[in-house]
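Structure, as structure tokens:
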Amino acid sequence: MAALQLIVGLGNPGAEYAGTRHNAGAWFITELARQLGCTLQADKKLKGDTAKATLDGHSVRLLAPSTFMNLSGQSVAACAQFYKLPLESILVAHDELDLPLGTAKLKQGGGHGGNNGIRSIIQELGNQHGFMRLRLGIGHPRDLAPEREVHSHVLGRPSQSEREQIENCIEQAIKVLPLIANGHWQKAQTQLHSYQPTPSN
């Protein structure tokens, strides 16, 4: 596996979407930048907000695409091509309907699972070797929910307790990033996947 060089957090731009579940990846990258002591700044050529950071002694770049979710691949591809990054050196954080609220899972490669941001990245970059994904569980409204209800759930705002659960799993995910940066992917997976969220009241 290539060294971790780019960490991406997916979301939709603008205040209208900032607090929605679909922006869990953006919450992740914002909190990571805060903890690493760097500031995400707009970069037109990369179609996103970006920063250079040091993670456990390793130089990494952070990226929050400023395109809408379904065009995220334009920003990720621009960054990957400009810095000549191999696909497997990229970690993309995104919201995940198919995981229980407040859980986080790491995955290497695979399909888009219905996430338009991941779909866009695959369309732009391909998926020959597979970029890494950090899937942040936002829960599913109910089994076999109509598409409209799923859409409103994804673009809706979580309650305070739900938001706290997502923030807690983001914190757990950030804790395992040094393991990934040092090439210990399996250990990072084991540690993160053992985390169990506390049920909301």
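Following the order of the structure tokens, chains are lettered A, B, ..., residues in each are numbered from 1, and ligands are numbered from 1.
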
Within 9 Å of Cys79 in chain A using only C-alpha atoms, minus same-chain residues under 6 positions, as a list in words: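 Everything that qualifies: Leu6, Lys45, Leu46, Lys47, Leu63 and Leu85 of chain A.
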
Which of range 1-145 of chain A DSSP labels strand (DSSP E or B), written as a ChimeraX atom specification: /A:6-9,41-43,48-55,58-65,90-96,104-108,132-137

Just write the chosen residues, N, CA and C atoms, as a short mmCIF file (atom, residue, chain, number, x, y, z; two decimals), in the first residue's frame.
```cif
data_model
loop_
_atom_site.label_atom_id
_atom_site.label_comp_id
_atom_site.auth_asym_id
_atom_site.auth_seq_id
_atom_site.Cartn_x
_atom_site.Cartn_y
_atom_site.Cartn_z
N LEU A 6 -2.91 12.09 0.69
CA LEU A 6 -4.03 13.02 0.54
C LEU A 6 -5.23 12.51 1.33
N ILE A 7 -5.80 13.40 2.15
CA ILE A 7 -7.01 13.08 2.92
C ILE A 7 -8.10 14.04 2.47
N VAL A 8 -9.21 13.47 2.02
CA VAL A 8 -10.30 14.25 1.45
C VAL A 8 -11.54 14.11 2.33
N GLY A 9 -12.27 15.19 2.52
CA GLY A 9 -13.55 15.15 3.23
C GLY A 9 -14.65 15.66 2.32
N GLN A 41 -7.60 26.52 2.94
CA GLN A 41 -7.72 27.74 2.15
C GLN A 41 -8.12 27.40 0.72
N ALA A 42 -8.94 28.26 0.13
CA ALA A 42 -9.45 28.03 -1.22
C ALA A 42 -8.32 27.98 -2.24
N ASP A 43 -8.39 27.01 -3.13
CA ASP A 43 -7.43 26.87 -4.22
C ASP A 43 -8.24 26.61 -5.49
N GLY A 48 -11.21 23.36 -4.59
CA GLY A 48 -11.50 23.01 -3.21
C GLY A 48 -10.69 23.83 -2.23
N ASP A 49 -10.93 23.57 -0.95
CA ASP A 49 -10.14 24.19 0.12
C ASP A 49 -9.10 23.17 0.54
N THR A 50 -7.87 23.61 0.69
CA THR A 50 -6.79 22.66 0.93
C THR A 50 -5.78 23.20 1.92
N ALA A 51 -5.01 22.32 2.49
CA ALA A 51 -3.95 22.69 3.44
C ALA A 51 -2.89 21.60 3.44
N LYS A 52 -1.67 22.00 3.73
CA LYS A 52 -0.59 21.05 3.93
C LYS A 52 -0.44 20.83 5.42
N ALA A 53 -0.28 19.58 5.83
CA ALA A 53 -0.21 19.27 7.25
C ALA A 53 0.83 18.20 7.51
N THR A 54 1.19 18.06 8.77
CA THR A 54 2.09 16.99 9.19
C THR A 54 1.34 16.07 10.13
N LEU A 55 1.27 14.80 9.78
CA LEU A 55 0.56 13.80 10.56
C LEU A 55 1.55 12.77 11.06
N HIS A 58 4.59 12.67 9.07
CA HIS A 58 4.41 12.47 7.63
C HIS A 58 3.71 13.69 7.02
N SER A 59 4.19 14.13 5.88
CA SER A 59 3.57 15.25 5.18
C SER A 59 2.34 14.75 4.42
N VAL A 60 1.19 15.37 4.67
CA VAL A 60 -0.04 15.02 3.98
C VAL A 60 -0.75 16.29 3.53
N ARG A 61 -1.61 16.14 2.55
CA ARG A 61 -2.42 17.26 2.10
C ARG A 61 -3.87 16.97 2.44
N LEU A 62 -4.57 17.99 2.92
CA LEU A 62 -5.98 17.89 3.23
C LEU A 62 -6.77 18.60 2.13
N LEU A 63 -7.94 18.07 1.80
CA LEU A 63 -8.75 18.65 0.73
C LEU A 63 -10.23 18.53 1.06
N ALA A 64 -10.92 19.67 0.94
CA ALA A 64 -12.38 19.70 1.04
C ALA A 64 -12.90 20.25 -0.28
N PRO A 65 -13.38 19.40 -1.19
CA PRO A 65 -13.86 19.90 -2.48
C PRO A 65 -14.92 20.99 -2.30
N ILE A 90 -4.66 7.90 -1.44
CA ILE A 90 -5.75 8.84 -1.13
C ILE A 90 -6.76 8.20 -0.19
N LEU A 91 -7.12 8.92 0.87
CA LEU A 91 -8.17 8.51 1.80
C LEU A 91 -9.32 9.50 1.69
N VAL A 92 -10.51 8.99 1.41
CA VAL A 92 -11.69 9.84 1.23
C VAL A 92 -12.69 9.55 2.35
N ALA A 93 -13.05 10.58 3.12
CA ALA A 93 -14.04 10.46 4.18
C ALA A 93 -15.40 10.89 3.66
N HIS A 94 -16.42 10.08 3.92
CA HIS A 94 -17.76 10.41 3.43
C HIS A 94 -18.83 9.82 4.33
N ASP A 95 -20.03 10.37 4.23
CA ASP A 95 -21.17 9.85 4.98
C ASP A 95 -21.58 8.50 4.41
N GLU A 96 -22.12 7.64 5.26
CA GLU A 96 -22.49 6.28 4.83
C GLU A 96 -23.86 5.90 5.41
N ALA A 104 -17.87 4.02 12.38
CA ALA A 104 -16.95 4.39 11.30
C ALA A 104 -16.19 3.14 10.85
N LYS A 105 -16.04 3.01 9.54
CA LYS A 105 -15.35 1.86 8.99
C LYS A 105 -14.35 2.32 7.92
N LEU A 106 -13.23 1.62 7.85
CA LEU A 106 -12.24 1.84 6.81
C LEU A 106 -12.40 0.77 5.74
N LYS A 107 -12.22 1.18 4.50
CA LYS A 107 -12.39 0.26 3.38
C LYS A 107 -11.40 0.62 2.29
N GLN A 108 -10.89 -0.39 1.60
CA GLN A 108 -9.97 -0.18 0.47
C GLN A 108 -10.69 -0.58 -0.80
N MET A 132 -8.57 4.59 -0.59
CA MET A 132 -9.09 4.24 0.73
C MET A 132 -10.32 5.07 1.04
N ARG A 133 -11.24 4.46 1.78
CA ARG A 133 -12.43 5.20 2.19
C ARG A 133 -12.58 5.14 3.71
N LEU A 134 -13.02 6.25 4.27
CA LEU A 134 -13.43 6.31 5.67
C LEU A 134 -14.93 6.56 5.65
N ARG A 135 -15.69 5.54 6.00
CA ARG A 135 -17.16 5.60 5.93
C ARG A 135 -17.71 5.99 7.30
N LEU A 136 -18.40 7.11 7.35
CA LEU A 136 -18.93 7.65 8.60
C LEU A 136 -20.43 7.39 8.64
N GLY A 137 -20.85 6.53 9.55
CA GLY A 137 -22.25 6.10 9.59
C GLY A 137 -23.21 7.19 10.00
#
```

Quick one: distance from CA of Val154 in chain A to CA of Gly139 in chain A in Å, one decimal? 9.2 Å

What separation in Å, quoted to one decimal, exists between CA of Ile180 in chain A and CA of Gln35 in chain A?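 Going from CA of Ile180 in chain A over to CA of Gln35 in chain A, I get 16.7 Å.
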
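Among the candidates A:Ala78, A:Ile138, A:Leu36, A:Val176, the residue lying nearest to Ala188 in chain A is A:Val176 (atoms considered: only C-alpha atoms).
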
Residues of range 15-188 of chain A in alpha helix (DSSP H) according to DSSP, as an NGL selection string? :A and (15-18 or 24-36 or 72-82 or 116-125 or 147-154 or 160-181 or 185-188)

Pick from A:Asn116, A:Thr30, A:Ser72, A:Gln172, whichever lies nearest to Thr190 in chain A using only C-alpha atoms: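 When distances to Thr190 in chain A are compared using only C-alpha atoms, the smallest one comes from A:Gln172.
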
I need the residue nearest Ala80 in chain A from this list: A:Ile166, A:Ile121, A:Ile174, A:Leu40. Use only C-alpha atoms for the distance. A:Ile121

Any idea what's packed within 12 Å of Ser159 in chain A, counting only C-alpha atoms, ignoring anything in its chain fewer than 4 positions away? Could you give it as a PyMOL selection string? chain A and resi 19-21+101+138+153+163-166+200-201

Selection from above, C-alpha atoms, as a compact mmCIF listing (two decimals), in the first residue's frame, can you write it?
```txt
# COMPACT_ATOMS: atom_id res chain seq x y z
CA GLY A 19 -25.06 21.06 9.09
CA THR A 20 -26.55 18.22 7.04
CA ARG A 21 -25.68 14.54 7.42
CA LEU A 101 -25.30 6.06 13.28
CA ILE A 138 -25.28 8.39 9.49
CA HIS A 153 -32.58 12.00 5.60
CA ARG A 163 -24.58 15.00 15.74
CA GLU A 164 -22.60 14.18 18.88
CA GLN A 165 -22.48 10.49 17.91
CA ILE A 166 -21.15 11.37 14.46
CA SER A 200 -28.59 8.28 21.93
CA ASN A 201 -31.25 8.98 24.50
```

One-decimal distance in Å that lies between CA of Leu87 in chain A and CA of Pro13 in chain A: 24.2 Å

Select, from A:Ala24, A:Ile170, A:Leu125, A:Ala181, the residue with the minimum atom-to-atom distance to Ser75 in chain A, counting only C-alpha atoms. A:Leu125

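When only C-alpha atoms are used to measure the gap to His193 in chain A, the shortest distance among A:Ile29, A:Gln123, A:Leu99, A:His112 belongs to A:Leu99.
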
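Taking only C-alpha atoms into account, Ser89 in chain A lies nearest to A:Gln5 out of the set A:Asn168, A:Gln189, A:Gln5, A:Thr198.
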
Which polymer residues have any atom within 9 Å of an atom of Glu88 in chain A, counting only C-alpha atoms, with same-chain residues fewer than 4 positions away left out, as JSON, numbers by chain? {"A": [1, 2, 3, 4, 108, 109, 129, 130, 131, 132]}
